[in-house]
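J.: Okay, here's the structure, questions in a sec.
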Amino acid sequence: MNAAISNPLGVHALVWAGDWSPESARYAIEQTAAAGFDLIEIPLLDPSTVDPDLTRKLLDRHGLSAGTSLGLSADTDVSSTDPEVVARGRRVLADALAVTRDIGCGYFGGVIFSALRKYGAPPDERGRANAVETIAGLAEQARASGITIGLEIVNRYETNILNTTEEALAFRSEVGADNVVLHLDTYHMNIEEPGFAEPVRQAGEHLGYVHIGESHRGYLGRGTIDFPEFFAALVAAGYTGPITFESFSSAVVHPSLSNDLAVWRNLWSDGADLARHARRFITDGLIAARG
Ligand code: MN
């Protein structure tokens with residue numbers, strides 16, 4: 001960790017690899033360490049494909065920590081009104097939580113309160129209540145392993161449950177568990193929030209995880225996100241949690257996630273160059289904000 005910065009800096013695994021085979025895990029973890037990051041975020045869309053023991057050994061060898069994440073599918077949507085769909089979603093979340101624990105991660109989050117997809121209607125009251133109950137149960141399970149649960153606030157085309165910080169704060173208080181945190185992502189904030197400072201202030205002590213993404217999800221600084229405003233807000237809030245770079249290109253494809261995120265074009269080919277650039281950009285931005 002850079003001595004001038006109090007946050008662990010992370011990178012999402014999709015910068016390196018579209019799956020978590022042993023070869024991909026080895027490559028992604030080696031590259032994350034080589035680019036100077038402290039943490040890698042590992043997608044767990046299919047928890048059964050992840051070898052937790054190997055992953056933990058690789059992380060230890062390279063002195064990294066990890067977080068895990070996923071977005072549910074229409075078939076495992078815990079905000080559904082169909083009890084069977086909700087039950088399937090809860091099983092996926094429980095499996096992912098077990099893998100998170102076995103890897104030795106302290107954080108599991110993402111779009112875990114609904115499917116990651118465009119909805120054709122606002123949330124149903126019963127469906128939303130199912131989502132609240134699901135996260136309350138998950139948080140209870142996670143507590144036993146010392147795991148924090150993150151609610152990633154995403155744009156309207158990727159969920160109809162949590163698009164804004166205000167909605168996430170209300171949802172969190174209905175869940176009523178202190179190991180549930182809010183996860184802000186600049187890419188989504190750019191679409192839904194009034195700016196980059198107000199949501200950080202609103203989330204306050206409940207902000208527990210951050211994604212740094214550009215407006216087009218490519219190289220930082222080459223889009224329209226007001227990063228100086230965001231970094232200044234994080235510093236002003238005294239936020240010391242993880243800050244993870246997230247970027248997607250058709251150069252690295254995950255069988256389901258890339259399609260769910262509408263990753264149609266090539267924004268970069270050299271993940272190592274992209275990641276080194278991002279780490280420098282975030283570090284410089286935080287140092288400038290500390291001014
Ligand atoms: Mn994100």
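Just remember, in the structure tokens the first chain shown is A, the second B, etc., residues are 1-based per chain, and ligands are 1-based in the order shown.
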Give the strand (DSSP E or B) residues of range 15-164 of chain A, as DSSP finds them on the backbone, and put them as a list in words.
T.: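 Taking range 15-164 of chain A and keeping strand (DSSP E or B) only, one gets Leu39, Ile40, Glu41, Ile42, Pro43, Ser65, Ala66, Gly67, Thr68, Ser69, Leu70, Gly71, Leu72, Tyr107, Phe108, Gly109, Gly110, Val111, Ile112, Phe113, Ser114, Ala115, Thr148, Ile149, Gly150, Leu151 and Glu152 of chain A.
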J.: Please build the interface table for range 157-244 of chain A against range 267-274 of chain A with a cut-off of 8 Å, listing for each qualifying residue the nearest atom pair and the distance in Å to one decimal; count only C-alpha atoms, order rows by chain and increasing number, and write it as a Markdown table.
T.:
| residue | atom | partner | partner_atom | distance |
| --- | --- | --- | --- | --- |
| A:Arg217 | CA | A:Leu267 | CA | 7.9 |
| A:Gly218 | CA | A:Leu267 | CA | 5.4 |
| A:Tyr219 | CA | A:Leu274 | CA | 6.4 |
J.: Kindly assemble as a tab-separated table a list of the chain A residues that lie within 8 Å of ligand 1, each paired with its nearest atom pair and their distance in Å to one decimal, using only C-alpha atoms and all ligand atoms, sorted first by chain and then by ascending residue number.
T.:
residue	atom	partner	partner_atom_place_in_ligand_line	distance
A:Gly110	CA	ligand 1	1 (Mn)	7.3
A:Glu152	CA	ligand 1	1 (Mn)	6.8
A:Val154	CA	ligand 1	1 (Mn)	7.3
A:Leu184	CA	ligand 1	1 (Mn)	7.6
A:Asp185	CA	ligand 1	1 (Mn)	5.2
A:Thr186	CA	ligand 1	1 (Mn)	8.0
A:Tyr187	CA	ligand 1	1 (Mn)	7.3
A:His188	CA	ligand 1	1 (Mn)	7.5
A:Val210	CA	ligand 1	1 (Mn)	7.9
A:His211	CA	ligand 1	1 (Mn)	5.2
A:Ile212	CA	ligand 1	1 (Mn)	7.6
A:Gly213	CA	ligand 1	1 (Mn)	7.3
A:Glu246	CA	ligand 1	1 (Mn)	6.4
J.: Those same residues - N, CA, C and O atoms - I'd like them written as a short mmCIF file (atom, residue, chain, number, x, y, z; two decimals), in the first residue's frame.
T.:
data_model
loop_
_atom_site.label_atom_id
_atom_site.label_comp_id
_atom_site.auth_asym_id
_atom_site.auth_seq_id
_atom_site.Cartn_x
_atom_site.Cartn_y
_atom_site.Cartn_z
N GLY A 110 -21.99 -6.98 -4.78
CA GLY A 110 -22.43 -6.91 -6.17
C GLY A 110 -23.93 -6.71 -6.27
O GLY A 110 -24.57 -6.17 -5.35
N GLU A 152 -24.13 -3.22 -4.24
CA GLU A 152 -23.63 -2.34 -5.29
C GLU A 152 -24.79 -1.60 -5.94
O GLU A 152 -25.72 -2.22 -6.49
N VAL A 154 -26.33 0.22 -8.81
CA VAL A 154 -26.05 0.24 -10.25
C VAL A 154 -27.16 0.96 -11.01
O VAL A 154 -28.22 1.26 -10.45
N LEU A 184 -20.47 2.11 -3.85
CA LEU A 184 -20.63 3.12 -4.91
C LEU A 184 -19.70 2.81 -6.08
O LEU A 184 -18.57 2.36 -5.88
N ASP A 185 -20.19 3.08 -7.29
CA ASP A 185 -19.42 2.85 -8.52
C ASP A 185 -19.58 4.09 -9.39
O ASP A 185 -20.72 4.47 -9.74
N THR A 186 -18.47 4.74 -9.74
CA THR A 186 -18.55 6.02 -10.47
C THR A 186 -19.25 5.88 -11.82
O THR A 186 -19.92 6.81 -12.27
N TYR A 187 -19.09 4.74 -12.48
CA TYR A 187 -19.75 4.51 -13.77
C TYR A 187 -21.27 4.61 -13.61
O TYR A 187 -21.95 5.24 -14.43
N HIS A 188 -21.81 4.01 -12.58
CA HIS A 188 -23.26 4.03 -12.34
C HIS A 188 -23.70 5.38 -11.77
O HIS A 188 -24.76 5.90 -12.15
N VAL A 210 -15.81 0.69 -3.03
CA VAL A 210 -15.89 1.65 -4.13
C VAL A 210 -15.35 1.02 -5.42
O VAL A 210 -14.31 0.36 -5.39
N HIS A 211 -16.09 1.21 -6.50
CA HIS A 211 -15.58 0.89 -7.84
C HIS A 211 -15.25 2.18 -8.56
O HIS A 211 -16.08 3.09 -8.62
N ILE A 212 -14.05 2.23 -9.12
CA ILE A 212 -13.65 3.33 -9.98
C ILE A 212 -13.77 2.86 -11.42
O ILE A 212 -13.07 1.95 -11.85
N GLY A 213 -14.72 3.47 -12.16
CA GLY A 213 -14.88 3.12 -13.56
C GLY A 213 -15.14 4.38 -14.36
O GLY A 213 -15.78 5.31 -13.87
N GLU A 246 -12.44 -0.95 -12.07
CA GLU A 246 -13.25 -1.88 -12.85
C GLU A 246 -13.29 -1.40 -14.30
O GLU A 246 -13.56 -0.23 -14.56
#
J.: At a cut-off of 6 Å, can you tabulate as a tab-separated table every residue of range 96-169 of chain A near range 69-81 of chain A together with its closest atom pair and the distance in Å to one decimal, using only C-alpha atoms and ordering rows by chain then number?
T.:
residue	atom	partner	partner_atom	distance
A:Phe108	CA	A:Ser69	CA	5.5
A:Gly109	CA	A:Ser69	CA	4.7
A:Gly110	CA	A:Ser69	CA	5.0
A:Val111	CA	A:Gly71	CA	4.4
A:Ile112	CA	A:Gly71	CA	5.7
A:Ser114	CA	A:Ser79	CA	5.1
A:Ala115	CA	A:Leu72	CA	4.4
A:Leu116	CA	A:Gly71	CA	5.1
A:Gly127	CA	A:Ser79	CA	4.3
A:Arg128	CA	A:Ser79	CA	5.3
A:Asn130	CA	A:Ser79	CA	5.5
A:Ala131	CA	A:Ser79	CA	4.7
J.: Restricted to all heavy atoms, what would the selected residues look like written as a PDB file, in the first residue's frame?
T.:
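Here's the written file selection34.pdb:
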ATOM      1  N   PHE A 108     -18.030  -9.739   0.287  1.00  0.00           N
ATOM      2  CA  PHE A 108     -18.813 -10.319  -0.814  1.00  0.00           C
ATOM      3  C   PHE A 108     -19.928  -9.345  -1.171  1.00  0.00           C
ATOM      4  O   PHE A 108     -20.692  -8.926  -0.306  1.00  0.00           O
ATOM      5  CB  PHE A 108     -19.393 -11.672  -0.383  1.00  0.00           C
ATOM      6  CG  PHE A 108     -20.392 -12.249  -1.338  1.00  0.00           C
ATOM      7  CD1 PHE A 108     -20.114 -12.366  -2.696  1.00  0.00           C
ATOM      8  CD2 PHE A 108     -21.640 -12.685  -0.887  1.00  0.00           C
ATOM      9  CE1 PHE A 108     -21.042 -12.901  -3.584  1.00  0.00           C
ATOM     10  CE2 PHE A 108     -22.578 -13.231  -1.769  1.00  0.00           C
ATOM     11  CZ  PHE A 108     -22.270 -13.334  -3.112  1.00  0.00           C
ATOM     12  N   GLY A 109     -19.991  -8.970  -2.453  1.00  0.00           N
ATOM     13  CA  GLY A 109     -21.013  -7.992  -2.828  1.00  0.00           C
ATOM     14  C   GLY A 109     -21.396  -8.073  -4.287  1.00  0.00           C
ATOM     15  O   GLY A 109     -21.169  -9.075  -4.954  1.00  0.00           O
ATOM     16  N   GLY A 110     -21.994  -6.982  -4.778  1.00  0.00           N
ATOM     17  CA  GLY A 110     -22.426  -6.912  -6.170  1.00  0.00           C
ATOM     18  C   GLY A 110     -23.927  -6.705  -6.268  1.00  0.00           C
ATOM     19  O   GLY A 110     -24.567  -6.171  -5.347  1.00  0.00           O
ATOM     20  N   VAL A 111     -24.472  -7.125  -7.402  1.00  0.00           N
ATOM     21  CA  VAL A 111     -25.918  -7.051  -7.606  1.00  0.00           C
ATOM     22  C   VAL A 111     -26.487  -8.375  -7.099  1.00  0.00           C
ATOM     23  O   VAL A 111     -26.784  -9.290  -7.860  1.00  0.00           O
ATOM     24  CB  VAL A 111     -26.271  -6.779  -9.080  1.00  0.00           C
ATOM     25  CG1 VAL A 111     -27.789  -6.618  -9.254  1.00  0.00           C
ATOM     26  CG2 VAL A 111     -25.572  -5.515  -9.556  1.00  0.00           C
ATOM     27  N   ILE A 112     -26.564  -8.463  -5.778  1.00  0.00           N
ATOM     28  CA  ILE A 112     -26.949  -9.698  -5.085  1.00  0.00           C
ATOM     29  C   ILE A 112     -28.384  -9.603  -4.551  1.00  0.00           C
ATOM     30  O   ILE A 112     -28.853 -10.518  -3.909  1.00  0.00           O
ATOM     31  CB  ILE A 112     -25.967 -10.002  -3.931  1.00  0.00           C
ATOM     32  CG1 ILE A 112     -25.888  -8.808  -2.973  1.00  0.00           C
ATOM     33  CG2 ILE A 112     -24.567 -10.318  -4.490  1.00  0.00           C
ATOM     34  CD1 ILE A 112     -24.993  -9.045  -1.761  1.00  0.00           C
ATOM     35  N   SER A 114     -30.967  -8.529  -6.725  1.00  0.00           N
ATOM     36  CA  SER A 114     -31.867  -8.703  -7.877  1.00  0.00           C
ATOM     37  C   SER A 114     -31.041  -9.348  -8.978  1.00  0.00           C
ATOM     38  O   SER A 114     -29.849  -9.594  -8.794  1.00  0.00           O
ATOM     39  CB  SER A 114     -32.426  -7.359  -8.371  1.00  0.00           C
ATOM     40  OG  SER A 114     -31.460  -6.665  -9.148  1.00  0.00           O
ATOM     41  N   ALA A 115     -31.686  -9.590 -10.121  1.00  0.00           N
ATOM     42  CA  ALA A 115     -30.902  -9.993 -11.287  1.00  0.00           C
ATOM     43  C   ALA A 115     -30.136  -8.787 -11.808  1.00  0.00           C
ATOM     44  O   ALA A 115     -30.537  -7.643 -11.583  1.00  0.00           O
ATOM     45  CB  ALA A 115     -31.816 -10.536 -12.373  1.00  0.00           C
ATOM     46  N   LEU A 116     -29.003  -9.050 -12.480  1.00  0.00           N
ATOM     47  CA  LEU A 116     -28.275  -7.981 -13.161  1.00  0.00           C
ATOM     48  C   LEU A 116     -28.797  -7.963 -14.594  1.00  0.00           C
ATOM     49  O   LEU A 116     -28.336  -8.697 -15.451  1.00  0.00           O
ATOM     50  CB  LEU A 116     -26.765  -8.266 -13.125  1.00  0.00           C
ATOM     51  CG  LEU A 116     -25.817  -7.112 -13.428  1.00  0.00           C
ATOM     52  CD1 LEU A 116     -24.374  -7.546 -13.187  1.00  0.00           C
ATOM     53  CD2 LEU A 116     -25.941  -6.564 -14.841  1.00  0.00           C
ATOM     54  N   GLY A 127     -41.745  -8.744  -4.336  1.00  0.00           N
ATOM     55  CA  GLY A 127     -40.407  -9.096  -4.824  1.00  0.00           C
ATOM     56  C   GLY A 127     -39.324  -8.337  -4.080  1.00  0.00           C
ATOM     57  O   GLY A 127     -38.294  -8.911  -3.686  1.00  0.00           O
ATOM     58  N   ARG A 128     -39.562  -7.045  -3.859  1.00  0.00           N
ATOM     59  CA  ARG A 128     -38.575  -6.243  -3.129  1.00  0.00           C
ATOM     60  C   ARG A 128     -38.431  -6.762  -1.691  1.00  0.00           C
ATOM     61  O   ARG A 128     -37.331  -6.849  -1.150  1.00  0.00           O
ATOM     62  CB  ARG A 128     -38.987  -4.773  -3.123  1.00  0.00           C
ATOM     63  CG  ARG A 128     -37.900  -3.847  -2.586  1.00  0.00           C
ATOM     64  CD  ARG A 128     -38.340  -2.391  -2.623  1.00  0.00           C
ATOM     65  NE  ARG A 128     -37.352  -1.532  -1.983  1.00  0.00           N
ATOM     66  CZ  ARG A 128     -37.168  -1.468  -0.676  1.00  0.00           C
ATOM     67  NH1 ARG A 128     -37.884  -2.221   0.137  1.00  0.00           N
ATOM     68  NH2 ARG A 128     -36.228  -0.660  -0.173  1.00  0.00           N
ATOM     69  N   ASN A 130     -38.839  -9.803  -0.773  1.00  0.00           N
ATOM     70  CA  ASN A 130     -38.036 -11.028  -0.883  1.00  0.00           C
ATOM     71  C   ASN A 130     -36.543 -10.699  -0.912  1.00  0.00           C
ATOM     72  O   ASN A 130     -35.722 -11.413  -0.322  1.00  0.00           O
ATOM     73  CB  ASN A 130     -38.408 -11.809  -2.147  1.00  0.00           C
ATOM     74  CG  ASN A 130     -39.745 -12.516  -2.012  1.00  0.00           C
ATOM     75  OD1 ASN A 130     -40.220 -12.728  -0.892  1.00  0.00           O
ATOM     76  ND2 ASN A 130     -40.345 -12.864  -3.138  1.00  0.00           N
ATOM     77  N   ALA A 131     -36.201  -9.620  -1.619  1.00  0.00           N
ATOM     78  CA  ALA A 131     -34.794  -9.207  -1.712  1.00  0.00           C
ATOM     79  C   ALA A 131     -34.277  -8.768  -0.341  1.00  0.00           C
ATOM     80  O   ALA A 131     -33.170  -9.145   0.063  1.00  0.00           O
ATOM     81  CB  ALA A 131     -34.649  -8.075  -2.731  1.00  0.00           C
TER      82      ALA A 131
END
J.: A:Arg61, A:Arg265, A:Arg279, A:His254: which is nearest Trp20 in chain A, counting only C-alpha atoms?
T.: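 Nearest candidate to Trp20 in chain A out of A:Arg61, A:Arg265, A:Arg279, A:His254: A:His254.
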J.: Which residue is closest to Gly10 in chain A? Choose from A:Asn259, A:Thr283, A:Gln141, A:Ser250 and count only C-alpha atoms.
T.: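 The answer is A:Thr283, which sits nearest to Gly10 in chain A.
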J.: Name all residues at most 12 Å from His12 in chain A (count only C-alpha atoms; drop same-chain ones fewer than 2 positions away) and give them as JSON, numbers by chain.
T.: {"A": [9, 10, 14, 15, 16, 17, 18, 28, 29, 31, 32, 37, 38, 39, 40, 41, 42, 43, 44, 66, 67, 68, 69, 70, 210, 211, 212, 213, 217, 242, 243, 244, 245, 246, 247, 248, 252, 271, 274, 275, 278]}
J.: So which one's closest to Ser48 in chain A, A:His216, A:His183, A:His206, A:Arg91? Using only C-alpha atoms, please.
T.: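 Under the stated criterion, the closest residue is A:Arg91.
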J.: In Å, with one decimal, what is the gap from CA of Glu133 in chain A to CA of Leu97 in chain A?
T.: 16.2 Å
J.: Which polymer residues have any atom within 10 Å of an atom of range 164-167 of chain A, counting only C-alpha atoms, with same-chain residues fewer than 3 positions away left out, as a ChimeraX atom specification?
T.: /A:152-156,161,170-172,182-184,188-189,191-194,198-203,207
J.: Would you export the selected residues with N, CA, C and O atoms as a CSV table (one decimal), in the first residue's frame, please?
T.:
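Final output, saved to selection_28.csv:
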chain,number,residue,atom,x,y,z
A,152,GLU,N,-24.1,-3.2,-4.2
A,152,GLU,CA,-23.6,-2.3,-5.3
A,152,GLU,C,-24.8,-1.6,-5.9
A,152,GLU,O,-25.7,-2.2,-6.5
A,153,ILE,N,-24.7,-0.3,-5.9
A,153,ILE,CA,-25.7,0.6,-6.5
A,153,ILE,C,-25.4,0.7,-7.9
A,153,ILE,O,-24.4,1.3,-8.3
A,154,VAL,N,-26.3,0.2,-8.8
A,154,VAL,CA,-26.0,0.2,-10.2
A,154,VAL,C,-27.2,1.0,-11.0
A,154,VAL,O,-28.2,1.3,-10.4
A,155,ASN,N,-26.9,1.2,-12.3
A,155,ASN,CA,-27.8,2.0,-13.0
A,155,ASN,C,-29.1,1.3,-13.4
A,155,ASN,O,-29.2,0.1,-13.3
A,156,ARG,N,-30.1,2.0,-13.9
A,156,ARG,CA,-31.4,1.5,-14.1
A,156,ARG,C,-31.5,0.4,-15.2
A,156,ARG,O,-32.5,-0.3,-15.2
A,161,ILE,N,-33.9,-2.2,-8.4
A,161,ILE,CA,-34.0,-2.2,-6.9
A,161,ILE,C,-33.2,-1.0,-6.3
A,161,ILE,O,-33.7,-0.2,-5.6
A,170,ALA,N,-32.2,3.2,2.4
A,170,ALA,CA,-33.5,2.8,2.8
A,170,ALA,C,-33.5,1.2,2.9
A,170,ALA,O,-34.0,0.6,3.9
A,171,PHE,N,-33.0,0.6,1.8
A,171,PHE,CA,-32.9,-0.9,1.7
A,171,PHE,C,-32.1,-1.4,2.9
A,171,PHE,O,-32.5,-2.4,3.6
A,172,ARG,N,-30.9,-0.8,3.1
A,172,ARG,CA,-30.0,-1.3,4.2
A,172,ARG,C,-30.7,-1.2,5.5
A,172,ARG,O,-30.6,-2.1,6.3
A,182,LEU,N,-22.8,-0.1,1.8
A,182,LEU,CA,-23.1,0.5,0.5
A,182,LEU,C,-21.8,0.4,-0.4
A,182,LEU,O,-20.7,0.7,0.1
A,183,HIS,N,-22.0,0.1,-1.7
A,183,HIS,CA,-20.9,0.1,-2.6
A,183,HIS,C,-21.2,1.0,-3.8
A,183,HIS,O,-22.2,0.8,-4.5
A,184,LEU,N,-20.5,2.1,-3.9
A,184,LEU,CA,-20.6,3.1,-4.9
A,184,LEU,C,-19.7,2.8,-6.1
A,184,LEU,O,-18.6,2.4,-5.9
A,188,HIS,N,-21.8,4.0,-12.6
A,188,HIS,CA,-23.3,4.0,-12.3
A,188,HIS,C,-23.7,5.4,-11.8
A,188,HIS,O,-24.8,5.9,-12.2
A,189,MET,N,-22.9,6.0,-10.9
A,189,MET,CA,-23.2,7.3,-10.3
A,189,MET,C,-23.4,8.3,-11.4
A,189,MET,O,-24.2,9.2,-11.3
A,191,ILE,N,-24.6,8.0,-14.2
A,191,ILE,CA,-25.9,7.9,-14.9
A,191,ILE,C,-27.1,8.4,-13.9
A,191,ILE,O,-28.0,9.0,-14.3
A,192,GLU,N,-27.0,8.0,-12.6
A,192,GLU,CA,-28.1,8.1,-11.7
A,192,GLU,C,-28.1,9.2,-10.7
A,192,GLU,O,-29.1,9.6,-10.2
A,193,GLU,N,-26.9,9.7,-10.3
A,193,GLU,CA,-26.8,10.6,-9.1
A,193,GLU,C,-26.6,12.0,-9.6
A,193,GLU,O,-26.2,12.3,-10.7
A,194,PRO,N,-26.9,13.0,-8.7
A,194,PRO,CA,-26.8,14.4,-9.1
A,194,PRO,C,-25.3,14.9,-9.2
A,194,PRO,O,-25.1,15.9,-9.7
A,198,GLU,N,-22.1,14.3,-3.5
A,198,GLU,CA,-23.3,14.2,-2.6
A,198,GLU,C,-23.6,12.7,-2.2
A,198,GLU,O,-23.8,12.5,-1.0
A,199,PRO,N,-23.5,11.7,-3.1
A,199,PRO,CA,-23.7,10.3,-2.7
A,199,PRO,C,-22.7,9.9,-1.6
A,199,PRO,O,-23.1,9.1,-0.7
A,200,VAL,N,-21.5,10.3,-1.7
A,200,VAL,CA,-20.5,9.9,-0.7
A,200,VAL,C,-20.8,10.5,0.6
A,200,VAL,O,-20.8,9.8,1.7
A,201,ARG,N,-21.3,11.7,0.7
A,201,ARG,CA,-21.7,12.4,1.9
A,201,ARG,C,-23.0,11.6,2.5
A,201,ARG,O,-23.0,11.4,3.7
A,202,GLN,N,-23.9,11.4,1.6
A,202,GLN,CA,-25.1,10.7,2.0
A,202,GLN,C,-24.8,9.3,2.6
A,202,GLN,O,-25.4,8.9,3.6
A,203,ALA,N,-24.0,8.5,1.9
A,203,ALA,CA,-23.7,7.2,2.4
A,203,ALA,C,-23.0,7.2,3.7
A,203,ALA,O,-23.2,6.4,4.6
A,207,LEU,N,-20.7,3.7,3.7
A,207,LEU,CA,-19.9,3.4,2.5
A,207,LEU,C,-18.8,2.4,2.8
A,207,LEU,O,-18.0,2.7,3.7
J.: Using only C-alpha atoms, which of the listed residues (A:Asn179, A:Arg126, A:Asp53, A:Ala136) sits closest to Gly106 in chain A?
T.: A:Asn179
